[in-house]
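Source file run-v3.csv; content: CSV, C-alpha atoms and all ligand atoms.
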chain,number,residue,atom,x,y,z
S,13,MET,CA,260.5,185.1,-63.1
S,14,HIS,CA,257.9,186.3,-65.6
S,15,ALA,CA,259.3,188.1,-68.6
S,16,LEU,CA,257.5,191.3,-67.8
S,17,ASP,CA,259.3,191.4,-64.4
S,18,ILE,CA,262.7,190.5,-65.9
S,19,PHE,CA,262.5,193.4,-68.4
S,20,GLN,CA,261.1,195.8,-65.9
S,21,GLN,CA,264.0,195.1,-63.5
S,22,HIS,CA,266.8,194.9,-66.1
S,23,PRO,CA,267.5,197.5,-68.8
S,24,THR,CA,269.7,194.9,-70.6
S,25,THR,CA,269.3,191.2,-70.3
S,26,PHE,CA,271.7,188.4,-71.1
S,27,SER,CA,270.5,184.9,-71.8
S,28,PHE,CA,271.7,181.6,-73.2
S,29,GLU,CA,270.1,179.0,-75.5
S,30,PHE,CA,270.6,175.2,-75.2
S,31,PHE,CA,269.2,172.2,-77.0
S,32,PRO,CA,268.2,168.9,-75.4
S,33,PRO,CA,271.1,166.4,-75.6
S,34,LYS,CA,270.5,163.1,-77.3
S,35,THR,CA,273.3,160.9,-75.9
S,36,PRO,CA,274.6,160.4,-72.3
S,37,GLU,CA,278.0,161.9,-73.4
S,38,SER,CA,276.4,165.0,-74.9
S,39,ALA,CA,274.3,165.4,-71.8
S,40,GLU,CA,277.4,165.4,-69.6
S,41,ASN,CA,279.0,168.1,-71.8
S,42,LEU,CA,275.8,170.2,-71.6
S,43,TYR,CA,275.5,170.0,-67.8
S,44,GLU,CA,279.2,171.0,-67.6
S,45,ALA,CA,278.5,174.0,-69.9
S,46,ILE,CA,275.4,174.9,-67.8
S,47,ARG,CA,277.5,174.8,-64.6
S,48,GLN,CA,280.1,177.1,-66.1
S,49,LEU,CA,277.6,179.6,-67.5
S,50,GLU,CA,275.4,179.6,-64.4
S,51,SER,CA,278.0,181.8,-62.6
S,52,PHE,CA,277.2,184.7,-65.0
S,53,GLN,CA,273.6,184.6,-63.5
S,54,PRO,CA,271.9,185.0,-66.9
S,55,HIS,CA,268.4,186.5,-66.7
S,56,PHE,CA,267.0,183.4,-68.4
S,57,VAL,CA,268.1,180.4,-70.5
S,58,SER,CA,266.0,178.8,-73.2
S,59,VAL,CA,265.6,175.2,-74.4
S,60,THR,CA,264.8,174.4,-78.0
S,61,TYR,CA,262.1,172.1,-79.3
S,62,GLY,CA,263.2,169.7,-82.1
S,63,ALA,CA,261.8,170.0,-85.6
S,64,GLY,CA,258.3,168.7,-85.7
S,65,GLY,CA,258.2,168.5,-81.9
S,66,SER,CA,260.7,165.7,-82.1
S,67,THR,CA,262.3,166.5,-78.7
S,68,ARG,CA,258.9,166.9,-76.9
S,69,GLU,CA,259.9,164.9,-73.8
S,70,LEU,CA,263.6,165.8,-73.9
S,71,THR,CA,262.8,169.5,-73.9
S,72,ASN,CA,260.4,169.0,-71.0
S,73,ASP,CA,263.0,166.9,-69.1
S,74,LEU,CA,265.8,169.4,-69.6
S,75,VAL,CA,263.6,172.4,-68.6
S,76,VAL,CA,262.5,170.7,-65.4
S,77,ARG,CA,266.0,169.5,-64.6
S,78,ILE,CA,267.4,173.1,-65.0
S,79,LYS,CA,264.5,174.4,-62.9
S,80,GLU,CA,265.0,171.9,-60.1
S,81,THR,CA,268.8,171.7,-60.0
S,82,THR,CA,270.1,175.2,-60.8
S,83,SER,CA,269.4,178.8,-60.0
S,84,LEU,CA,268.5,179.4,-63.7
S,85,ASN,CA,265.2,180.5,-65.1
S,86,PRO,CA,264.5,178.1,-68.0
S,87,ILE,CA,262.2,179.0,-70.9
S,88,PRO,CA,261.0,176.2,-73.1
S,89,HIS,CA,260.4,176.7,-76.8
S,90,LEU,CA,257.1,175.4,-78.1
S,91,THR,CA,256.1,175.0,-81.7
S,92,CYS,CA,252.9,174.7,-83.8
S,93,VAL,CA,254.0,171.9,-86.2
S,94,CYS,CA,252.5,168.5,-85.7
S,95,HIS,CA,250.5,169.6,-82.7
S,96,LYS,CA,246.8,169.4,-81.7
S,97,GLU,CA,245.2,171.8,-79.2
S,98,GLU,CA,244.9,169.1,-76.5
S,99,GLU,CA,248.6,168.2,-76.7
S,100,ILE,CA,249.6,171.9,-76.4
S,101,HIS,CA,247.2,172.3,-73.5
S,102,ALA,CA,248.7,169.2,-71.7
S,103,ILE,CA,252.2,170.6,-72.3
S,104,LEU,CA,251.3,174.0,-70.9
S,105,ARG,CA,249.6,172.4,-67.8
S,106,ARG,CA,252.8,170.4,-67.2
S,107,TYR,CA,255.0,173.5,-67.4
S,108,ALA,CA,252.6,175.5,-65.2
S,109,GLU,CA,252.7,172.7,-62.5
S,110,ALA,CA,256.5,172.7,-62.7
S,111,GLY,CA,256.5,176.5,-62.0
S,112,VAL,CA,257.9,177.4,-65.4
S,113,SER,CA,257.3,181.1,-65.9
S,114,ASN,CA,257.7,181.8,-69.7
S,115,ILE,CA,257.3,180.1,-73.1
S,116,LEU,CA,258.8,181.0,-76.5
S,117,ALA,CA,256.0,180.4,-78.9
S,118,LEU,CA,257.1,179.5,-82.4
S,119,GLY,CA,255.9,178.3,-85.8
S,120,GLY,CA,258.5,175.6,-85.8
S,121,ASP,CA,260.6,173.8,-88.3
S,122,ALA,CA,258.9,171.0,-90.3
S,123,PRO,CA,259.9,167.5,-89.4
S,124,ASN,CA,262.8,166.0,-91.4
S,125,GLY,CA,261.8,163.7,-94.2
S,126,ALA,CA,258.4,162.9,-92.7
S,127,ASP,CA,255.1,163.0,-94.6
S,128,TYR,CA,254.1,166.3,-93.1
S,129,ASN,CA,250.9,168.2,-94.0
S,130,LYS,CA,250.8,171.7,-92.4
S,131,SER,CA,247.0,171.9,-92.8
S,132,ASP,CA,246.6,169.0,-90.3
S,133,ASP,CA,248.1,171.2,-87.5
S,134,ASP,CA,245.6,173.0,-85.2
S,135,PHE,CA,247.9,176.0,-85.1
S,136,GLN,CA,248.9,177.4,-88.5
S,137,HIS,CA,251.1,180.2,-87.3
S,138,ALA,CA,252.9,181.2,-84.1
S,139,ALA,CA,250.2,184.0,-83.6
S,140,ASP,CA,247.6,181.2,-83.1
S,141,LEU,CA,249.9,179.6,-80.4
S,142,VAL,CA,250.4,182.9,-78.7
S,143,LYS,CA,246.6,183.4,-78.6
S,144,PHE,CA,246.1,179.9,-77.2
S,145,ILE,CA,248.7,180.5,-74.4
S,146,ARG,CA,247.1,183.8,-73.6
S,147,ARG,CA,243.7,182.0,-73.2
S,148,PHE,CA,245.4,179.4,-71.0
S,149,ASN,CA,246.8,182.3,-68.9
S,150,GLU,CA,243.3,183.9,-68.7
S,151,SER,CA,241.8,180.6,-67.5
S,152,GLY,CA,243.9,181.0,-64.3
S,153,SER,CA,245.6,177.6,-64.7
S,154,HIS,CA,249.1,179.0,-64.0
S,155,PRO,CA,250.2,179.6,-60.4
S,156,ASN,CA,251.4,183.1,-61.3
S,157,LYS,CA,248.3,185.2,-61.9
S,158,LYS,CA,250.0,186.8,-64.9
S,159,GLY,CA,250.3,183.3,-66.4
S,160,PHE,CA,253.2,182.5,-68.7
S,161,GLY,CA,255.3,185.3,-70.1
S,162,ILE,CA,255.3,184.8,-73.9
S,163,GLY,CA,258.2,185.3,-76.3
S,164,VAL,CA,258.1,185.2,-80.1
S,165,ALA,CA,260.7,185.1,-82.9
S,166,GLY,CA,261.7,188.0,-85.1
S,167,PHE,CA,263.8,187.9,-88.3
S,168,PRO,CA,266.1,191.0,-88.8
S,169,GLU,CA,266.9,189.9,-92.3
S,170,GLY,CA,263.4,188.6,-93.1
S,171,HIS,CA,261.9,185.1,-93.0
S,172,PRO,CA,262.1,183.3,-96.3
S,173,GLY,CA,258.4,182.2,-96.0
S,174,THR,CA,257.3,185.8,-96.6
S,175,PRO,CA,259.3,187.6,-99.2
S,176,ASN,CA,257.0,190.6,-98.8
S,177,ARG,CA,258.7,192.4,-95.9
S,178,LEU,CA,255.9,194.8,-95.2
S,179,ARG,CA,253.4,191.9,-94.9
S,180,GLU,CA,255.9,190.1,-92.7
S,181,MET,CA,255.9,193.0,-90.3
S,182,ASP,CA,252.1,192.8,-90.2
S,183,TYR,CA,252.4,189.2,-89.2
S,184,LEU,CA,254.9,190.0,-86.5
S,185,LYS,CA,252.5,192.7,-85.2
S,186,GLN,CA,249.8,190.0,-85.1
S,187,LYS,CA,251.9,188.0,-82.7
S,188,VAL,CA,252.4,191.1,-80.5
S,189,ASP,CA,248.7,192.0,-80.6
S,190,GLU,CA,247.8,188.4,-79.6
S,191,GLY,CA,249.8,188.8,-76.4
S,192,ALA,CA,253.5,188.4,-76.9
S,193,ASP,CA,255.7,190.1,-74.2
S,194,TYR,CA,259.1,190.1,-76.0
S,195,ILE,CA,260.8,189.2,-79.2
S,196,VAL,CA,264.0,187.2,-79.7
S,197,THR,CA,265.7,187.5,-83.1
S,198,GLN,CA,267.2,185.0,-85.4
S,199,LEU,CA,271.0,185.2,-85.4
S,200,PHE,CA,272.6,187.9,-87.6
S,201,PHE,CA,276.2,188.9,-88.3
S,202,GLU,CA,275.7,192.5,-89.3
S,203,ASN,CA,274.3,194.8,-86.6
S,204,ARG,CA,272.9,197.2,-89.0
S,205,ASP,CA,270.3,194.5,-90.0
S,206,PHE,CA,269.2,194.2,-86.4
S,207,LEU,CA,269.2,198.0,-85.8
S,208,ASP,CA,267.1,198.6,-88.9
S,209,PHE,CA,264.7,195.8,-87.9
S,210,ARG,CA,264.3,197.5,-84.5
S,211,ASP,CA,263.5,200.8,-86.2
S,212,ARG,CA,261.0,199.0,-88.5
S,213,CYS,CA,259.3,197.4,-85.5
S,214,GLU,CA,259.0,200.8,-83.9
S,215,LEU,CA,257.5,202.2,-87.0
S,216,ALA,CA,255.0,199.3,-87.0
S,217,GLY,CA,254.0,200.3,-83.4
S,218,ILE,CA,255.8,197.4,-81.8
S,219,SER,CA,257.3,198.6,-78.5
S,220,LEU,CA,258.2,195.2,-76.9
S,221,PRO,CA,261.8,194.4,-75.8
S,222,ILE,CA,263.7,193.1,-78.8
S,223,ILE,CA,266.5,190.7,-77.8
S,224,ALA,CA,269.4,190.2,-80.3
S,225,GLY,CA,270.3,186.6,-81.1
S,226,ILE,CA,274.1,186.1,-81.4
S,227,MET,CA,276.0,183.0,-82.4
S,228,PRO,CA,279.7,183.1,-82.8
S,229,ALA,CA,280.7,181.4,-86.1
S,230,ALA,CA,283.0,178.4,-85.2
S,231,SER,CA,284.0,177.2,-88.7
S,232,LEU,CA,283.1,177.3,-92.4
S,233,LYS,CA,281.5,173.8,-92.0
S,234,GLY,CA,279.5,175.2,-89.0
S,235,MET,CA,278.4,178.1,-91.1
S,236,ASN,CA,277.0,175.8,-93.7
S,237,ARG,CA,275.0,173.9,-91.0
S,238,MET,CA,273.9,177.3,-89.6
S,239,ALA,CA,272.8,178.5,-93.0
S,240,GLU,CA,270.5,175.4,-93.2
S,241,LEU,CA,269.0,176.1,-89.8
S,242,ALA,CA,269.0,179.9,-89.5
S,243,ALA,CA,266.3,180.8,-92.0
S,244,GLY,CA,266.9,184.3,-93.5
S,245,ALA,CA,270.5,184.8,-92.1
S,246,ARG,CA,273.1,186.4,-94.4
S,247,PHE,CA,276.8,185.6,-94.2
S,248,PRO,CA,278.9,188.7,-94.8
S,249,ALA,CA,282.0,188.5,-97.0
S,250,ARG,CA,284.2,190.1,-94.3
S,251,LEU,CA,283.5,187.3,-91.9
S,252,MET,CA,283.7,184.5,-94.5
S,253,ARG,CA,287.1,185.9,-95.8
S,254,SER,CA,288.5,185.9,-92.2
S,255,LEU,CA,287.4,182.3,-91.7
S,256,GLN,CA,288.9,181.3,-95.1
S,257,ARG,CA,292.2,182.8,-94.1
S,258,CYS,CA,292.4,180.4,-91.2
S,259,GLY,CA,292.8,177.4,-93.6
S,260,ASP,CA,292.7,174.2,-91.5
S,261,ASP,CA,293.4,175.9,-88.2
S,262,THR,CA,290.2,175.3,-86.3
S,263,GLU,CA,291.4,177.1,-83.2
S,264,ALA,CA,292.0,180.2,-85.3
S,265,MET,CA,288.5,180.0,-86.8
S,266,THR,CA,287.0,179.8,-83.4
S,267,GLN,CA,288.9,182.9,-82.4
S,268,VAL,CA,287.7,184.7,-85.5
S,269,GLY,CA,284.1,183.8,-84.7
S,270,ILE,CA,284.5,184.9,-81.1
S,271,HIS,CA,286.1,188.2,-82.1
S,272,HIS,CA,283.4,189.0,-84.6
S,273,ALA,CA,280.6,188.2,-82.1
S,274,SER,CA,282.4,190.2,-79.3
S,275,GLU,CA,282.5,193.3,-81.6
S,276,GLN,CA,278.8,192.8,-82.4
S,277,CYS,CA,278.0,192.7,-78.7
S,278,HIS,CA,280.1,195.8,-77.9
S,279,ASP,CA,278.3,197.7,-80.6
S,280,LEU,CA,274.8,196.4,-79.6
S,281,LEU,CA,275.4,197.5,-76.0
S,282,GLU,CA,276.5,201.0,-77.3
S,283,ASN,CA,273.2,201.0,-79.2
S,284,LYS,CA,271.3,200.3,-76.1
S,285,VAL,CA,270.1,196.8,-77.1
S,286,ARG,CA,267.4,195.5,-74.7
S,287,GLY,CA,269.1,192.1,-74.4
S,288,ILE,CA,271.5,189.7,-76.0
S,289,HIS,CA,270.6,186.0,-76.4
S,290,PHE,CA,273.6,183.7,-77.0
S,291,TYR,CA,273.1,180.6,-79.1
S,292,THR,CA,275.6,178.5,-77.2
S,293,LEU,CA,275.4,175.2,-79.1
S,294,ASN,CA,275.6,173.6,-75.6
S,295,ARG,CA,279.2,174.8,-75.2
S,296,SER,CA,280.4,177.5,-72.8
S,297,ASP,CA,283.9,178.5,-74.1
S,298,ALA,CA,282.9,181.0,-76.7
S,299,THR,CA,280.2,182.7,-74.6
S,300,ARG,CA,282.6,182.9,-71.6
S,301,GLN,CA,285.3,184.5,-73.8
S,302,ILE,CA,282.8,187.1,-75.2
S,303,PHE,CA,281.7,187.9,-71.6
S,304,ARG,CA,285.3,188.4,-70.6
S,305,SER,CA,285.9,190.8,-73.6
S,306,LEU,CA,282.8,192.7,-72.5
S,307,GLY,CA,284.1,193.0,-69.0
S,308,ILE,CA,281.1,191.1,-67.5
S,309,SER,CA,281.6,188.6,-64.7
S,310,SER,CA,278.0,188.5,-63.6
S,311,THR,CA,274.9,190.1,-65.2
S,312,GLN,CA,272.9,190.9,-62.0
K,1,LIG,C1,264.8,182.7,-81.5
K,1,LIG,C2,264.3,181.5,-82.4
K,1,LIG,C3,264.2,180.3,-81.8
K,1,LIG,C4,263.8,179.1,-82.5
K,1,LIG,N1,263.6,177.9,-81.9
K,1,LIG,C5,263.1,176.9,-82.6
K,1,LIG,C6,262.8,175.6,-82.0
K,1,LIG,O1,263.1,175.5,-80.8
K,1,LIG,N2,262.3,174.6,-82.7
K,1,LIG,C7,262.0,174.8,-84.0
K,1,LIG,O2,261.4,173.9,-84.7
K,1,LIG,N3,262.2,176.0,-84.7
K,1,LIG,C8,262.8,177.0,-84.0
K,1,LIG,N4,263.0,178.2,-84.6
K,1,LIG,C9,262.8,178.3,-86.1
K,1,LIG,C10,261.4,178.8,-86.4
K,1,LIG,O3,260.4,178.0,-85.8
K,1,LIG,C11,261.2,178.8,-87.9
K,1,LIG,O4,262.1,179.7,-88.5
K,1,LIG,C12,259.8,179.1,-88.3
K,1,LIG,O5,259.7,178.9,-89.8
K,1,LIG,C13,259.4,180.5,-88.1
K,1,LIG,O6,258.9,180.7,-86.8
K,1,LIG,P1,257.9,181.8,-86.3
K,1,LIG,O7,257.7,181.6,-84.9
K,1,LIG,O8,258.4,183.1,-86.8
K,1,LIG,O9,256.6,181.4,-87.1
K,1,LIG,P2,255.4,182.3,-87.7
K,1,LIG,O10,255.2,183.5,-86.9
K,1,LIG,O11,254.3,181.3,-87.8
K,1,LIG,O12,255.9,182.6,-89.1
K,1,LIG,C14,256.3,181.6,-90.1
K,1,LIG,C15,256.1,182.2,-91.5
K,1,LIG,O13,254.7,182.4,-91.7
K,1,LIG,C16,254.5,183.7,-92.0
K,1,LIG,N5,253.2,184.1,-91.4
K,1,LIG,C17,252.9,184.4,-90.1
K,1,LIG,N6,251.6,184.7,-89.9
K,1,LIG,C18,251.0,184.5,-91.1
K,1,LIG,C19,249.7,184.6,-91.6
K,1,LIG,N7,248.7,184.9,-90.8
K,1,LIG,N8,249.4,184.3,-92.9
K,1,LIG,C20,250.4,183.9,-93.8
K,1,LIG,N9,251.7,183.8,-93.4
K,1,LIG,C21,252.0,184.1,-92.1
K,1,LIG,C22,255.6,184.5,-91.4
K,1,LIG,O14,255.8,185.7,-92.1
K,1,LIG,C23,256.8,183.5,-91.7
K,1,LIG,O15,257.2,183.6,-93.0
K,1,LIG,C24,263.5,179.3,-83.9
K,1,LIG,C25,263.7,180.6,-84.5
K,1,LIG,C26,264.1,181.7,-83.8
K,1,LIG,C27,264.3,183.0,-84.4
Structure translated into structure tokens:
Amino acid sequence: MHALDIFQQHPTTFSFEFFPPKTPESAENLYEAIRQLESFQPHFVSVTYGAGGSTRELTNDLVVRIKETTSLNPIPHLTCVCHKEEEIHAILRRYAEAGVSNILALGGDAPNGADYNKSDDDFQHAADLVKFIRRFNESGSHPNKKGFGIGVAGFPEGHPGTPNRLREMDYLKQKVDEGADYIVTQLFFENRDFLDFRDRCELAGISLPIIAGIMPAASLKGMNRMAELAAGARFPARLMRSLQRCGDDTEAMTQVGIHHASEQCHDLLENKVRGIHFYTLNRSDATRQIFRSLGISSTQ
């Protein structure tokens, strides 16, 4: 279903994010997690695109598999880095033919360790990719006459690439003006950061649905990995202190993370959030526990 229809039909959406598995064993774990989370009937699930487009085929394969073998509505991530226009056009055509309804259009993380020169890319910023997808939509190449629904990223605590937060909001507005239909945020651990971001978007004339990205912290080690990946995210002392108190008890750490994320979700729902997007890390346990604590057995 196209994003516009999803948001028109549902005042609050719930969605999950997965990444393409790299080994047969991790693939089995992922398919098990998908089977378990499918029963919640999320409004969509999204599939990441590796840094520098490194999971190009794997992302496509997972999206098509989810589309063909489950009741879920998969949204592929697509990034600017290391891509030429013809490649993006071919990827869009493939997704259109497979009946994929939406794309999350991103700048993308630079490839690890490679000799990468951003100026070689045909798309310098996500706004350029949004514009390209909109043109693809206008060409009538998608079976739905609305074309792809287009999502973009937002950063409640700011993106490190643009320390000037006013200018950053102008850049976000550019993505919206180029044709984005909704915004999904980077993970955050303090709701006031998200709520303030939502207010700042409103002041900037951005009225799209803004979906809150939530990831339960699983361990201090995991937080370190997260800090590398989640550009801009801040790690509050209250949460870090609770995790430290767990010592080596990994199960206790998991419960601390789930408890914190559940409290965030309760508060977001009280504040009429338009949607919550769970970064699942390809596991289902934490998300299922959070849903249980929210009293949700199915989102439809
Ligand atoms: C929900 C979500 C999902 C993600 N999924 C993936 C994924 O699957 N694969 C992946 O590689 N990465 C992913 N990322 C990471 C993301 O690609 C990086 O954080 C990237 O640096 C920013 O992406 P963006 O789409 O906001 O890019 P952009 O909108 O291009 O912004 C990147 C930086 O450039 C600045 N900027 C924008 N426009 C201009 C302009 N005209 N002039 C000068 N500066 C400008 C912005 O302020 C920002 O600092 C994801 C992030 C989020 C929040």
- Task: Please identify all polymer residues lying at most 9 Å from the point (255.3, 179.5, -73.0) (file coordinates), using all atoms listed in the file, and present the result as a count of residues only.
- Result: 18
- In Å, with one decimal, what is the gap from CA of Gly287 (chain S) to CA of Phe26 (chain S)?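 Calculated distance between CA of Gly287 (chain S) and CA of Phe26 (chain S) is 5.6 Å.
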- Query: Which residue, S:Glu80, S:Asp134, S:Asp182, S:Glu150, has the smallest gap to ligand LIG 1 (chain K) when you use all atoms listed in the file?
  - Reply: S:Asp182
Hey, can I get the axis-aligned box for region 15-34 of chain S? All listed atoms, 4 Å padding on each side, centre and edge lengths in Å to one decimal, as AutoDock Vina command-line options.
--center_x 264.6 --center_y 180.3 --center_z -70.4 --size_x 22.2 --size_y 42.4 --size_z 21.8
- Please provide as JSON, numbers by chain all residues within 9 Å of Pro155 (chain S), with the sequence filter that same-chain residues fewer than 5 positions apart are discarded (counting all atoms listed in the file). {"S": [108, 109, 111]}
- Message: Which residues are close to region 227-234 of chain S, i.e. within 7 Å by all atoms listed in the file, leaving aside same-chain residues fewer than 2 positions away? Reply as a list in words.
- Response: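 Those residues are Leu199, Gly225, Asn236, Arg237, Met238, Leu255, Thr262, Met265, Thr266, Gly269, Ile270, Ala273, Phe290, Tyr291 and Thr292 of chain S.
The interatomic distance for the pair atom C22 of ligand LIG 1 (chain K) and CA of Val57 (chain S) works out to 24.7 Å.
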- Query: S:Ala63, S:Leu220, S:Ile46, S:Ile288: which is nearest Leu241 (chain S), counting all atoms listed in the file?
  - Reply: S:Ala63
- Point (254.1, 195.2, -78.0), cut-off 12 Å, counting only C-alpha atoms, residues as a PyMOL selection string: chain S and resi 16+162-164+184-195+213-222
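Atom pair atom N2 of ligand LIG 1 (chain K) / CA of Ala45 (chain S) has a distance of 20.7 Å (rounded to one decimal).
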- Could you tell me which of S:Leu84, S:Ala122, S:Met13, S:Val76 comes closest to ligand LIG 1 (chain K) if we count all atoms listed in the file? S:Ala122
- Query: Near region 67-75 of chain S, counting all atoms listed in the file, which residues have an atom at most 8 Å away, once you skip same-chain residues fewer than 2 positions from it, shown as JSON, numbers by chain?
  - Reply: {"S": [31, 32, 33, 59, 60, 61, 62, 63, 65, 77, 78, 79, 86, 87, 88, 107]}
- Pick out the closest residue to ligand LIG 1 (chain K) from this set: S:Ile308, S:Ile302, S:Ala249, S:Leu118. Count all atoms listed in the file.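 So, comparing all the options, the nearest one is S:Leu118.
In this comparison, which uses only C-alpha atoms and all ligand atoms, the residue of S:Ala242, S:Val268, S:Ala39, S:Cys277 approaching ligand LIG 1 (chain K) most closely is S:Ala242.
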- Message: Could you check the closest approach to ligand LIG 1 (chain K) for each of S:Leu49, S:Ala110, S:Ala245, S:Leu207 and tell me which residue wins, using all atoms listed in the file?
- Response: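 Result for the nearest residue to ligand LIG 1 (chain K): S:Ala245.
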- Message: Give me the residues near His171 (chain S) as a PyMOL selection string, where near means some atom within 10 Å (using all atoms listed in the file) and where sequence neighbours in that chain fewer than 5 positions away do not count.
- Response: chain S and resi 166+176-177+180+198+242-245
Residues near Thr25 (chain S), anyone? I mean within 10 Å using only C-alpha atoms, not counting same-chain ones fewer than 2 positions away, as a CSV table (one decimal) with C-alpha atoms, in the frame of the given file.
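Saved the output as around37.csv:
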chain,number,residue,atom,x,y,z
S,18,ILE,CA,262.7,190.5,-65.9
S,19,PHE,CA,262.5,193.4,-68.4
S,21,GLN,CA,264.0,195.1,-63.5
S,22,HIS,CA,266.8,194.9,-66.1
S,23,PRO,CA,267.5,197.5,-68.8
S,27,SER,CA,270.5,184.9,-71.8
S,54,PRO,CA,271.9,185.0,-66.9
S,55,HIS,CA,268.4,186.5,-66.7
S,56,PHE,CA,267.0,183.4,-68.4
S,221,PRO,CA,261.8,194.4,-75.8
S,223,ILE,CA,266.5,190.7,-77.8
S,285,VAL,CA,270.1,196.8,-77.1
S,286,ARG,CA,267.4,195.5,-74.7
S,287,GLY,CA,269.1,192.1,-74.4
S,288,ILE,CA,271.5,189.7,-76.0
S,289,HIS,CA,270.6,186.0,-76.4
S,311,THR,CA,274.9,190.1,-65.2
S,312,GLN,CA,272.9,190.9,-62.0
Should you be able to, write region 146-174 of chain S of this structure into a file that contains C-alpha atoms, as a CSV table (one decimal), in the first residue's frame.
chain,number,residue,atom,x,y,z
S,146,ARG,CA,9.3,11.8,-8.2
S,147,ARG,CA,10.3,12.1,-11.9
S,148,PHE,CA,10.2,8.3,-12.2
S,149,ASN,CA,6.7,8.4,-10.7
S,150,GLU,CA,5.6,11.1,-13.2
S,151,SER,CA,6.9,9.0,-16.1
S,152,GLY,CA,4.1,6.5,-15.3
S,153,SER,CA,6.6,3.6,-14.9
S,154,HIS,CA,5.0,2.3,-11.7
S,155,PRO,CA,1.8,0.2,-11.8
S,156,ASN,CA,0.2,2.5,-9.2
S,157,LYS,CA,-0.6,5.8,-10.8
S,158,LYS,CA,0.6,7.6,-7.7
S,159,GLY,CA,4.0,5.9,-8.2
S,160,PHE,CA,6.2,5.1,-5.2
S,161,GLY,CA,5.4,6.6,-1.9
S,162,ILE,CA,8.6,8.3,-0.7
S,163,GLY,CA,10.0,8.4,2.8
S,164,VAL,CA,13.0,10.4,4.0
S,165,ALA,CA,15.2,10.5,7.2
S,166,GLY,CA,15.0,13.1,10.0
S,167,PHE,CA,17.4,13.7,12.9
S,168,PRO,CA,15.7,14.8,16.1
S,169,GLU,CA,19.1,15.6,17.7
S,170,GLY,CA,20.6,16.9,14.5
S,171,HIS,CA,22.8,15.3,11.8
S,172,PRO,CA,26.6,15.8,12.5
S,173,GLY,CA,27.1,16.8,8.8
S,174,THR,CA,25.3,20.1,9.4
